There are 2 protein chains.
Amino acid sequence: MLKVAIAGLGTVGCGVIAMVQGNGPLSRAVTITGVTARTKDRARPVDVSAYRWFDDPVALAADAETDVFVELMGGSEGTAKDTVEAALKAGKCVVTANKALLADHGEALAALAAAHGGELRYEAAIAGGIPVVKALREGLAANQIDAVCGVLNGTCNYILTEMSNTGRAFSDVLAEAQSLGYAEADPTLDVSGADAGHKLSLLGALAFSGKPDFGSMLLEGITGIEPIDLETAAFLGFRIKLLAKAMRDGDAVVQSVRPTLLKADHPIARIDGPLNAVVIDAEPVGRISLVGRGAGAGPTASAVAGDLMDLSHGDQRPVFAGPGSGGVMSAGVAGTQVGRFYLRLRVADQPGRIAAVTEALAKHGVSIESFLQKPPEDATRVPIALTTQPVAEPSLRAAIADLQSGSIVTEPPLLMPIEL
Amino acid sequence: MLKVAIAGLGTVGCGVIAMVQGNGPLSRAVTITGVTARTKDRARPVDVSAYRWFDDPVALAADAETDVFVELMGGSEGTAKDTVEAALKAGKCVVTANKALLADHGEALAALAAAHGGELRYEAAIAGGIPVVKALREGLAANQIDAVCGVLNGTCNYILTEMSNTGRAFSDVLAEAQSLGYAEADPTLDVSGADAGHKLSLLGALAFSGKPDFGSMLLEGITGIEPIDLETAAFLGFRIKLLAKAMRDGDAVVQSVRPTLLKADHPIARIDGPLNAVVIDAEPVGRISLVGRGAGAGPTASAVAGDLMDLSHGDQRPVFAGPGSGGVMSAGVAGTQVGRFYLRLRVADQPGRIAAVTEALAKHGVSIESFLQKPPEDATRVPIALTTQPVAEPSLRAAIADLQSGSIVTEPPLLMPIEL
């Protein structure tokens, strides 16, 4: 029996304990040696009174009776970091769902695990119950990965799906999501793309670089998306998703989280609501898509339990070395590649506005694929939306800068990449 | 370095060798100790002249210099069976893509592996490059599986997709698929559902029963499907797929391969052409969908290579024991459950035909959900298609038998289940 300590008794921690207390495989593989949480005495869906209680999480992490420390407290600093470090330094294995911690400190923690002979496992940190770490690190271990992309944040996906289905504004849908508990009171981590970026940094580490690199990532959130963008995208045969993507670009790896127009038949285009999806393009396997619930007690507990089952079998893997490992790839600069783009502008209601826009684009070598002007919203706001043929993003940005330096464009434009 | 012998040098065998000869992870994990194939001297995409050649595959399987025997010859009897048995008896590990062998002899071979301390791995036998064995046996190891279903035969899926897109007849599309190399000269194994059934027996073993049980499966092929069925399904918001499904029914496991109407938003409904998909419903993870190419050199070689990487890491797992293992489930009887159904009849062009059909159904308690009669094709062939509300399949079959015993129905009806 694997001796397991659990820190954090929210829905996920209690979900794992329920599996240990049930009659499934986890009950035969794992025994719980101690628990800790912020508050000892509160109503919980499982009875934890039989377990040793630790007021000090760091003491539990280093407890001599424990083989595996399960960290479900969250946060990239403070107690979560202190406990994981303490457990690894004591030679224990750690299972965590904490993407922020791993995005910021994954490389150092992996080194600690290697130095002390422990394992650091984090299947629950990326896409809930989808076994994507296992797929990348083990199933596709002999492949060369070309790209990994995904819808990794359920809150953003819920908001975009609702905006698309109802035509309502971002702020309206966000407020509803908050009242339903789908979005946090402070939604910044989600709607800024940072949470998806934390998860992407782990996928990028597994697929390419051998270490999470959150710092070099291009992060764009969904706060600038308006109903007009979703309508126009749908009219042109696209759907808008917050796409997290790590891709090979020559010898470097380029990582970005950006609202993206996906062709309607792209495997991610129809991933709606709270679902997560990961799409892996690799040689020789081709394209593999994985879909499932990205958050919640059940999916996350399933992923934690899967890691515990692996540890009970004695499976050992390097923390981040995944497919193609052996060479560590450097970070490329996102936002400089050639691609197709969607651009939405609002311009003044004056003669020559279409000519002004198209001439600025032409001057920088940007070819237009489709062009729509909608009726004026008021005298200063005529919406124009267009898509481009393949172009280097810096050229397009130069054209936009030219337009903004003139008098025609009346508010900051919205630029989104397109994936076919 | 893992010492590996490869039997069978077709596209998959050569694909694996190309990965060993390349500069990826497999080249650092594996060395090839010997090869065998039906013909020694023929043009191959890789150079095998540096490897020891065995004319006798059984001698290669038992070769003292080999740790792992990779069986890529195919066939459920004869050489494939002899070599796998010889390798397992010699205490070696075996990696195979041979679903027919495992469907028919998997239980005995798993026992051999256990008795002699070897491993039997078969990721490549199900759904090509999709790491579904890994997902079920390891990633979801702590879950209780409720159902596993999938599109597991690329040939049938290609034919149904083409029929749906073009309105052409089965025989016409089959002939084209044969000329393109997508279907065998003798397509029986594919179009009868048997190949999908072989694969399903392995999913069922992993998810439920602990042993492949091909014999108790309900198998229906796609030869009876006509353009009118695909048209009617589309009109009603469904798509037709050859669905392989293993599900929990009380204490038993029920397995079937049947052409099935899937609601257009079902995750499998849009899996077209040569793609495979597997959908797993489990507690507590919820629904997980996996999609990828189901056959071909690259995907299959990727799966074989993943198994070899696992063996090189020393991972050990029971052959078929997957999620919820600990209790082995008995086989239930497929075709007896409650569900919705699609029924297509051809009836004589005579007054009272609709009343006759609907009365026979009503007599057996079958409620109609939708009903379409198309114009007569000729005097004896008026097509009627209908869908039912939930009903026990034996009641519906009794109504159909009543109809067939009368004079109104002029040819054998087509019955297909519906999945919402």
# chains A, B, ... in the order shown; residues from 1 in each chain; ligands from 1
>>> residues_around(residues="segment 286-302 of chain B", least_positions_apart="3", cutoff="8 Å", atoms="only C-alpha atoms", output="PyMOL selection string")
(chain A and resi 129-130+140+142-143+283-293+298-299) or (chain B and resi 11-13+15-16+97+124+126-130+132+152-154+267+271+274-283+305-306)
>>> select_by_dssp(residues="segment 9-125 of chain B", states="strand (DSSP E or B)", output="list in words")
Val30, Thr31, Ile32, Thr33, Gly34, Val35, Thr36, Trp53, Val68, Phe69, Val70, Glu71, Cys93, Val94, Val95, Thr96, Leu120 and Arg121 of chain B
>>> select_by_dssp(residues="segment 14-162 of chain A", states="helix (DSSP H, G or I)", output="VMD selection string")
chain A and resid 14 to 21 25 to 29 57 to 61 79 to 89 99 to 116 123 to 125 132 to 139 154 to 162
>>> residues_around(residues="Leu112 of chain B", least_positions_apart="6", cutoff="10 Å", atoms="only C-alpha atoms", output="list in words")
Val84, Glu85, Ala86, Ala87, Leu88, Lys89, Ala90, Gly91, Gly106, Gly118, Glu119 and Leu120 of chain B
>>> atom_distance(atom1="atom CA of Leu230 of chain A", atom2="atom CA of Thr358 of chain A")
22.5 Å
>>> atom_distance(atom1="atom CA of Leu101 of chain B", atom2="atom CA of Ser330 of chain B")
21.5 Å
>>> residues_around(residues="segment 374-390 of chain B", least_positions_apart="6", cutoff="9 Å", atoms="only C-alpha atoms", output="PDB file with all heavy atoms, in the first residue's frame")
ATOM      1  N   ILE B 228     -30.668   5.419 -48.795  1.00  0.00           N
ATOM      2  CA  ILE B 228     -31.891   5.953 -48.179  1.00  0.00           C
ATOM      3  C   ILE B 228     -31.742   6.049 -46.657  1.00  0.00           C
ATOM      4  O   ILE B 228     -32.297   6.960 -46.028  1.00  0.00           O
ATOM      5  CB  ILE B 228     -33.123   5.076 -48.551  1.00  0.00           C
ATOM      6  CG1 ILE B 228     -34.411   5.757 -48.101  1.00  0.00           C
ATOM      7  CG2 ILE B 228     -33.011   3.691 -47.972  1.00  0.00           C
ATOM      8  CD1 ILE B 228     -35.666   5.017 -48.514  1.00  0.00           C
ATOM      9  N   ASP B 229     -30.970   5.135 -46.063  1.00  0.00           N
ATOM     10  CA  ASP B 229     -30.797   5.168 -44.609  1.00  0.00           C
ATOM     11  C   ASP B 229     -29.937   6.357 -44.191  1.00  0.00           C
ATOM     12  O   ASP B 229     -30.226   7.028 -43.195  1.00  0.00           O
ATOM     13  CB  ASP B 229     -30.161   3.859 -44.138  1.00  0.00           C
ATOM     14  CG  ASP B 229     -31.002   2.650 -44.529  1.00  0.00           C
ATOM     15  OD1 ASP B 229     -32.225   2.681 -44.278  1.00  0.00           O
ATOM     16  OD2 ASP B 229     -30.451   1.697 -45.096  1.00  0.00           O
ATOM     17  N   THR B 232     -32.090   9.528 -44.694  1.00  0.00           N
ATOM     18  CA  THR B 232     -33.119   9.681 -43.664  1.00  0.00           C
ATOM     19  C   THR B 232     -32.488  10.048 -42.323  1.00  0.00           C
ATOM     20  O   THR B 232     -32.990  10.925 -41.602  1.00  0.00           O
ATOM     21  CB  THR B 232     -33.929   8.378 -43.523  1.00  0.00           C
ATOM     22  OG1 THR B 232     -34.382   7.992 -44.817  1.00  0.00           O
ATOM     23  CG2 THR B 232     -35.108   8.571 -42.602  1.00  0.00           C
ATOM     24  N   VAL B 338     -33.048  -1.785 -23.381  1.00  0.00           N
ATOM     25  CA  VAL B 338     -33.975  -0.731 -23.763  1.00  0.00           C
ATOM     26  C   VAL B 338     -33.199   0.371 -24.481  1.00  0.00           C
ATOM     27  O   VAL B 338     -32.121   0.765 -24.052  1.00  0.00           O
ATOM     28  CB  VAL B 338     -34.686  -0.153 -22.519  1.00  0.00           C
ATOM     29  CG1 VAL B 338     -35.486   1.108 -22.876  1.00  0.00           C
ATOM     30  CG2 VAL B 338     -35.580  -1.205 -21.884  1.00  0.00           C
ATOM     31  N   GLY B 339     -33.750   0.849 -25.569  1.00  0.00           N
ATOM     32  CA  GLY B 339     -33.107   1.949 -26.278  1.00  0.00           C
ATOM     33  C   GLY B 339     -34.031   2.486 -27.354  1.00  0.00           C
ATOM     34  O   GLY B 339     -35.163   2.016 -27.519  1.00  0.00           O
ATOM     35  N   ARG B 340     -33.554   3.490 -28.050  1.00  0.00           N
ATOM     36  CA  ARG B 340     -34.262   4.019 -29.214  1.00  0.00           C
ATOM     37  C   ARG B 340     -33.728   3.310 -30.452  1.00  0.00           C
ATOM     38  O   ARG B 340     -32.560   2.937 -30.513  1.00  0.00           O
ATOM     39  CB  ARG B 340     -34.025   5.513 -29.346  1.00  0.00           C
ATOM     40  CG  ARG B 340     -34.589   6.332 -28.194  1.00  0.00           C
ATOM     41  CD  ARG B 340     -34.056   7.755 -28.235  1.00  0.00           C
ATOM     42  NE  ARG B 340     -34.370   8.468 -27.007  1.00  0.00           N
ATOM     43  CZ  ARG B 340     -35.474   9.213 -26.824  1.00  0.00           C
ATOM     44  NH1 ARG B 340     -36.353   9.349 -27.819  1.00  0.00           N
ATOM     45  NH2 ARG B 340     -35.697   9.806 -25.675  1.00  0.00           N
ATOM     46  N   PHE B 341     -34.579   3.184 -31.459  1.00  0.00           N
ATOM     47  CA  PHE B 341     -34.162   2.461 -32.665  1.00  0.00           C
ATOM     48  C   PHE B 341     -34.657   3.159 -33.930  1.00  0.00           C
ATOM     49  O   PHE B 341     -35.627   3.920 -33.905  1.00  0.00           O
ATOM     50  CB  PHE B 341     -34.700   1.015 -32.633  1.00  0.00           C
ATOM     51  CG  PHE B 341     -34.064   0.191 -31.556  1.00  0.00           C
ATOM     52  CD1 PHE B 341     -34.618   0.165 -30.273  1.00  0.00           C
ATOM     53  CD2 PHE B 341     -32.898  -0.518 -31.797  1.00  0.00           C
ATOM     54  CE1 PHE B 341     -34.010  -0.557 -29.256  1.00  0.00           C
ATOM     55  CE2 PHE B 341     -32.297  -1.250 -30.784  1.00  0.00           C
ATOM     56  CZ  PHE B 341     -32.856  -1.269 -29.511  1.00  0.00           C
ATOM     57  N   TYR B 342     -33.940   2.846 -35.012  1.00  0.00           N
ATOM     58  CA  TYR B 342     -34.318   3.234 -36.366  1.00  0.00           C
ATOM     59  C   TYR B 342     -34.724   1.953 -37.095  1.00  0.00           C
ATOM     60  O   TYR B 342     -34.016   0.951 -37.029  1.00  0.00           O
ATOM     61  CB  TYR B 342     -33.115   3.874 -37.063  1.00  0.00           C
ATOM     62  CG  TYR B 342     -33.227   4.027 -38.567  1.00  0.00           C
ATOM     63  CD1 TYR B 342     -33.718   5.207 -39.133  1.00  0.00           C
ATOM     64  CD2 TYR B 342     -32.813   3.007 -39.434  1.00  0.00           C
ATOM     65  CE1 TYR B 342     -33.793   5.366 -40.520  1.00  0.00           C
ATOM     66  CE2 TYR B 342     -32.898   3.161 -40.817  1.00  0.00           C
ATOM     67  CZ  TYR B 342     -33.381   4.333 -41.346  1.00  0.00           C
ATOM     68  OH  TYR B 342     -33.468   4.490 -42.714  1.00  0.00           O
ATOM     69  N   LEU B 343     -35.845   2.013 -37.767  1.00  0.00           N
ATOM     70  CA  LEU B 343     -36.326   0.848 -38.523  1.00  0.00           C
ATOM     71  C   LEU B 343     -36.674   1.287 -39.933  1.00  0.00           C
ATOM     72  O   LEU B 343     -37.419   2.249 -40.122  1.00  0.00           O
ATOM     73  CB  LEU B 343     -37.563   0.256 -37.837  1.00  0.00           C
ATOM     74  CG  LEU B 343     -38.281  -0.885 -38.567  1.00  0.00           C
ATOM     75  CD1 LEU B 343     -37.380  -2.116 -38.680  1.00  0.00           C
ATOM     76  CD2 LEU B 343     -39.582  -1.241 -37.838  1.00  0.00           C
ATOM     77  N   ARG B 344     -36.098   0.587 -40.913  1.00  0.00           N
ATOM     78  CA  ARG B 344     -36.449   0.865 -42.313  1.00  0.00           C
ATOM     79  C   ARG B 344     -37.059  -0.395 -42.937  1.00  0.00           C
ATOM     80  O   ARG B 344     -36.482  -1.483 -42.843  1.00  0.00           O
ATOM     81  CB  ARG B 344     -35.232   1.311 -43.123  1.00  0.00           C
ATOM     82  CG  ARG B 344     -35.579   1.734 -44.549  1.00  0.00           C
ATOM     83  CD  ARG B 344     -35.105   0.714 -45.559  1.00  0.00           C
ATOM     84  NE  ARG B 344     -33.676   0.557 -45.533  1.00  0.00           N
ATOM     85  CZ  ARG B 344     -33.060  -0.555 -45.907  1.00  0.00           C
ATOM     86  NH1 ARG B 344     -33.757  -1.612 -46.298  1.00  0.00           N
ATOM     87  NH2 ARG B 344     -31.732  -0.632 -45.855  1.00  0.00           N
ATOM     88  N   LEU B 345     -38.244  -0.194 -43.497  1.00  0.00           N
ATOM     89  CA  LEU B 345     -38.995  -1.282 -44.113  1.00  0.00           C
ATOM     90  C   LEU B 345     -39.246  -0.945 -45.571  1.00  0.00           C
ATOM     91  O   LEU B 345     -39.284   0.239 -45.945  1.00  0.00           O
ATOM     92  CB  LEU B 345     -40.374  -1.422 -43.450  1.00  0.00           C
ATOM     93  CG  LEU B 345     -40.444  -1.595 -41.941  1.00  0.00           C
ATOM     94  CD1 LEU B 345     -41.820  -1.131 -41.434  1.00  0.00           C
ATOM     95  CD2 LEU B 345     -40.212  -3.041 -41.587  1.00  0.00           C
ATOM     96  N   ARG B 346     -39.472  -1.964 -46.379  1.00  0.00           N
ATOM     97  CA  ARG B 346     -40.113  -1.714 -47.666  1.00  0.00           C
ATOM     98  C   ARG B 346     -41.401  -2.535 -47.689  1.00  0.00           C
ATOM     99  O   ARG B 346     -41.408  -3.720 -47.358  1.00  0.00           O
ATOM    100  CB  ARG B 346     -39.195  -2.086 -48.832  1.00  0.00           C
ATOM    101  CG  ARG B 346     -38.107  -1.032 -49.048  1.00  0.00           C
ATOM    102  CD  ARG B 346     -37.512  -1.105 -50.436  1.00  0.00           C
ATOM    103  NE  ARG B 346     -36.547  -0.021 -50.643  1.00  0.00           N
ATOM    104  CZ  ARG B 346     -35.273  -0.064 -50.205  1.00  0.00           C
ATOM    105  NH1 ARG B 346     -34.836  -1.122 -49.555  1.00  0.00           N
ATOM    106  NH2 ARG B 346     -34.471   0.952 -50.434  1.00  0.00           N
ATOM    107  N   VAL B 347     -42.492  -1.845 -48.040  1.00  0.00           N
ATOM    108  CA  VAL B 347     -43.808  -2.488 -47.988  1.00  0.00           C
ATOM    109  C   VAL B 347     -44.456  -2.419 -49.367  1.00  0.00           C
ATOM    110  O   VAL B 347     -44.033  -1.648 -50.241  1.00  0.00           O
ATOM    111  CB  VAL B 347     -44.728  -1.805 -46.950  1.00  0.00           C
ATOM    112  CG1 VAL B 347     -44.152  -1.949 -45.551  1.00  0.00           C
ATOM    113  CG2 VAL B 347     -44.939  -0.342 -47.285  1.00  0.00           C
ATOM    114  N   ALA B 348     -45.506  -3.259 -49.555  1.00  0.00           N
ATOM    115  CA  ALA B 348     -46.240  -3.279 -50.829  1.00  0.00           C
ATOM    116  C   ALA B 348     -47.027  -1.984 -50.996  1.00  0.00           C
ATOM    117  O   ALA B 348     -47.491  -1.388 -50.014  1.00  0.00           O
ATOM    118  CB  ALA B 348     -47.179  -4.484 -50.860  1.00  0.00           C
ATOM    119  N   ASP B 349     -47.165  -1.542 -52.246  1.00  0.00           N
ATOM    120  CA  ASP B 349     -47.900  -0.313 -52.553  1.00  0.00           C
ATOM    121  C   ASP B 349     -49.394  -0.622 -52.561  1.00  0.00           C
ATOM    122  O   ASP B 349     -50.008  -0.799 -53.612  1.00  0.00           O
ATOM    123  CB  ASP B 349     -47.431   0.223 -53.919  1.00  0.00           C
ATOM    124  CG  ASP B 349     -48.061   1.581 -54.232  1.00  0.00           C
ATOM    125  OD1 ASP B 349     -48.749   2.131 -53.349  1.00  0.00           O
ATOM    126  OD2 ASP B 349     -47.848   2.078 -55.346  1.00  0.00           O
ATOM    127  N   GLN B 350     -49.991  -0.713 -51.388  1.00  0.00           N
ATOM    128  CA  GLN B 350     -51.404  -1.064 -51.282  1.00  0.00           C
ATOM    129  C   GLN B 350     -52.032  -0.251 -50.155  1.00  0.00           C
ATOM    130  O   GLN B 350     -51.326   0.200 -49.238  1.00  0.00           O
ATOM    131  CB  GLN B 350     -51.562  -2.563 -51.006  1.00  0.00           C
ATOM    132  CG  GLN B 350     -50.950  -3.001 -49.673  1.00  0.00           C
ATOM    133  CD  GLN B 350     -50.953  -4.522 -49.503  1.00  0.00           C
ATOM    134  OE1 GLN B 350     -50.512  -5.262 -50.378  1.00  0.00           O
ATOM    135  NE2 GLN B 350     -51.460  -4.984 -48.389  1.00  0.00           N
ATOM    136  N   ILE B 354     -49.713   1.875 -44.058  1.00  0.00           N
ATOM    137  CA  ILE B 354     -49.218   2.603 -42.884  1.00  0.00           C
ATOM    138  C   ILE B 354     -49.926   2.115 -41.618  1.00  0.00           C
ATOM    139  O   ILE B 354     -49.308   1.889 -40.576  1.00  0.00           O
ATOM    140  CB  ILE B 354     -49.398   4.128 -43.078  1.00  0.00           C
ATOM    141  CG1 ILE B 354     -48.437   4.617 -44.176  1.00  0.00           C
ATOM    142  CG2 ILE B 354     -49.167   4.876 -41.765  1.00  0.00           C
ATOM    143  CD1 ILE B 354     -48.475   6.118 -44.417  1.00  0.00           C
ATOM    144  N   VAL B 366     -44.602  -0.521 -28.914  1.00  0.00           N
ATOM    145  CA  VAL B 366     -43.554   0.323 -29.482  1.00  0.00           C
ATOM    146  C   VAL B 366     -44.135   1.682 -29.857  1.00  0.00           C
ATOM    147  O   VAL B 366     -45.045   1.759 -30.679  1.00  0.00           O
ATOM    148  CB  VAL B 366     -42.932  -0.333 -30.738  1.00  0.00           C
ATOM    149  CG1 VAL B 366     -41.820   0.549 -31.294  1.00  0.00           C
ATOM    150  CG2 VAL B 366     -42.435  -1.738 -30.427  1.00  0.00           C
ATOM    151  N   SER B 367     -43.622   2.754 -29.229  1.00  0.00           N
ATOM    152  CA  SER B 367     -44.099   4.099 -29.563  1.00  0.00           C
ATOM    153  C   SER B 367     -43.206   4.713 -30.631  1.00  0.00           C
ATOM    154  O   SER B 367     -41.978   4.642 -30.550  1.00  0.00           O
ATOM    155  CB  SER B 367     -44.079   4.999 -28.320  1.00  0.00           C
ATOM    156  OG  SER B 367     -45.073   4.583 -27.427  1.00  0.00           O
ATOM    157  N   ILE B 368     -43.842   5.336 -31.613  1.00  0.00           N
ATOM    158  CA  ILE B 368     -43.106   5.923 -32.732  1.00  0.00           C
ATOM    159  C   ILE B 368     -42.705   7.348 -32.397  1.00  0.00           C
ATOM    160  O   ILE B 368     -43.504   8.149 -31.930  1.00  0.00           O
ATOM    161  CB  ILE B 368     -43.976   5.875 -34.007  1.00  0.00           C
ATOM    162  CG1 ILE B 368     -44.183   4.417 -34.428  1.00  0.00           C
ATOM    163  CG2 ILE B 368     -43.343   6.683 -35.134  1.00  0.00           C
ATOM    164  CD1 ILE B 368     -45.200   4.234 -35.534  1.00  0.00           C
ATOM    165  N   VAL B 409     -44.851  -6.543 -45.714  1.00  0.00           N
ATOM    166  CA  VAL B 409     -43.415  -6.242 -45.805  1.00  0.00           C
ATOM    167  C   VAL B 409     -42.801  -7.096 -46.908  1.00  0.00           C
ATOM    168  O   VAL B 409     -42.941  -8.314 -46.898  1.00  0.00           O
ATOM    169  CB  VAL B 409     -42.718  -6.506 -44.453  1.00  0.00           C
ATOM    170  CG1 VAL B 409     -41.204  -6.412 -44.599  1.00  0.00           C
ATOM    171  CG2 VAL B 409     -43.211  -5.506 -43.422  1.00  0.00           C
ATOM    172  N   THR B 410     -42.088  -6.418 -47.853  1.00  0.00           N
ATOM    173  CA  THR B 410     -41.658  -7.131 -49.058  1.00  0.00           C
ATOM    174  C   THR B 410     -40.182  -7.487 -49.073  1.00  0.00           C
ATOM    175  O   THR B 410     -39.716  -8.133 -49.991  1.00  0.00           O
ATOM    176  CB  THR B 410     -41.989  -6.285 -50.307  1.00  0.00           C
ATOM    177  OG1 THR B 410     -41.399  -4.980 -50.122  1.00  0.00           O
ATOM    178  CG2 THR B 410     -43.481  -6.158 -50.483  1.00  0.00           C
ATOM    179  N   GLU B 411     -39.427  -7.042 -48.081  1.00  0.00           N
ATOM    180  CA  GLU B 411     -38.014  -7.452 -48.013  1.00  0.00           C
ATOM    181  C   GLU B 411     -37.543  -7.329 -46.570  1.00  0.00           C
ATOM    182  O   GLU B 411     -38.206  -6.678 -45.756  1.00  0.00           O
ATOM    183  CB  GLU B 411     -37.141  -6.626 -48.957  1.00  0.00           C
ATOM    184  CG  GLU B 411     -37.119  -5.145 -48.633  1.00  0.00           C
ATOM    185  CD  GLU B 411     -36.189  -4.383 -49.586  1.00  0.00           C
ATOM    186  OE1 GLU B 411     -36.425  -4.426 -50.801  1.00  0.00           O
ATOM    187  OE2 GLU B 411     -35.244  -3.763 -49.089  1.00  0.00           O
ATOM    188  N   ILE B 418     -30.117   3.735 -31.862  1.00  0.00           N
ATOM    189  CA  ILE B 418     -29.865   5.179 -31.882  1.00  0.00           C
ATOM    190  C   ILE B 418     -29.149   5.557 -30.577  1.00  0.00           C
ATOM    191  O   ILE B 418     -29.547   5.108 -29.501  1.00  0.00           O
ATOM    192  CB  ILE B 418     -31.186   5.966 -31.986  1.00  0.00           C
ATOM    193  CG1 ILE B 418     -31.854   5.716 -33.341  1.00  0.00           C
ATOM    194  CG2 ILE B 418     -30.962   7.461 -31.753  1.00  0.00           C
ATOM    195  CD1 ILE B 418     -33.234   6.341 -33.482  1.00  0.00           C
TER     196      ILE B 418
END
>>> atom_distance(atom1="atom CA of Thr155 of chain A", atom2="atom CA of Lys99 of chain A")
15.7 Å
>>> residues_around(residues="segment 184-197 of chain A", least_positions_apart="5", cutoff="9 Å", atoms="only C-alpha atoms", output="ChimeraX atom specification")
/A:99-100,103,126,150-156,174,177-179,202,214,217-223,242-244,255-259
>>> residues_around(residues="Arg239 of chain B", least_positions_apart="3", cutoff="6 Å", atoms="only C-alpha atoms", output="PDB file with C-alpha atoms, in the first residue's frame")
ATOM      1  CA  ALA B 233     -30.697   9.722 -40.747  1.00  0.00           C
ATOM      2  CA  ALA B 234     -29.298  13.068 -41.892  1.00  0.00           C
ATOM      3  CA  LEU B 261     -27.510   6.399 -35.576  1.00  0.00           C
ATOM      4  CA  LEU B 262     -25.619   9.016 -33.579  1.00  0.00           C
ATOM      5  CA  ALA B 269     -20.804  11.671 -35.112  1.00  0.00           C
TER       6      ALA B 269
END
>>> closest_residue(among="A:Ala135, A:Leu109, A:Val30, A:Ile6", to="chain B", atoms="only C-alpha atoms")
A:Ala135
>>> residues_around(residues="Met1 of chain A", least_positions_apart="3", cutoff="12 Å", atoms="only C-alpha atoms", output="list in words")
Val4, Val20, Pro25, Leu26, Ser27, Arg28, Ala29, Val30, Thr31, Ile32, Thr33, Thr66, Asp67, Val68, Leu308, Met309, Leu311, Ser312, His313 and Gly314 of chain A
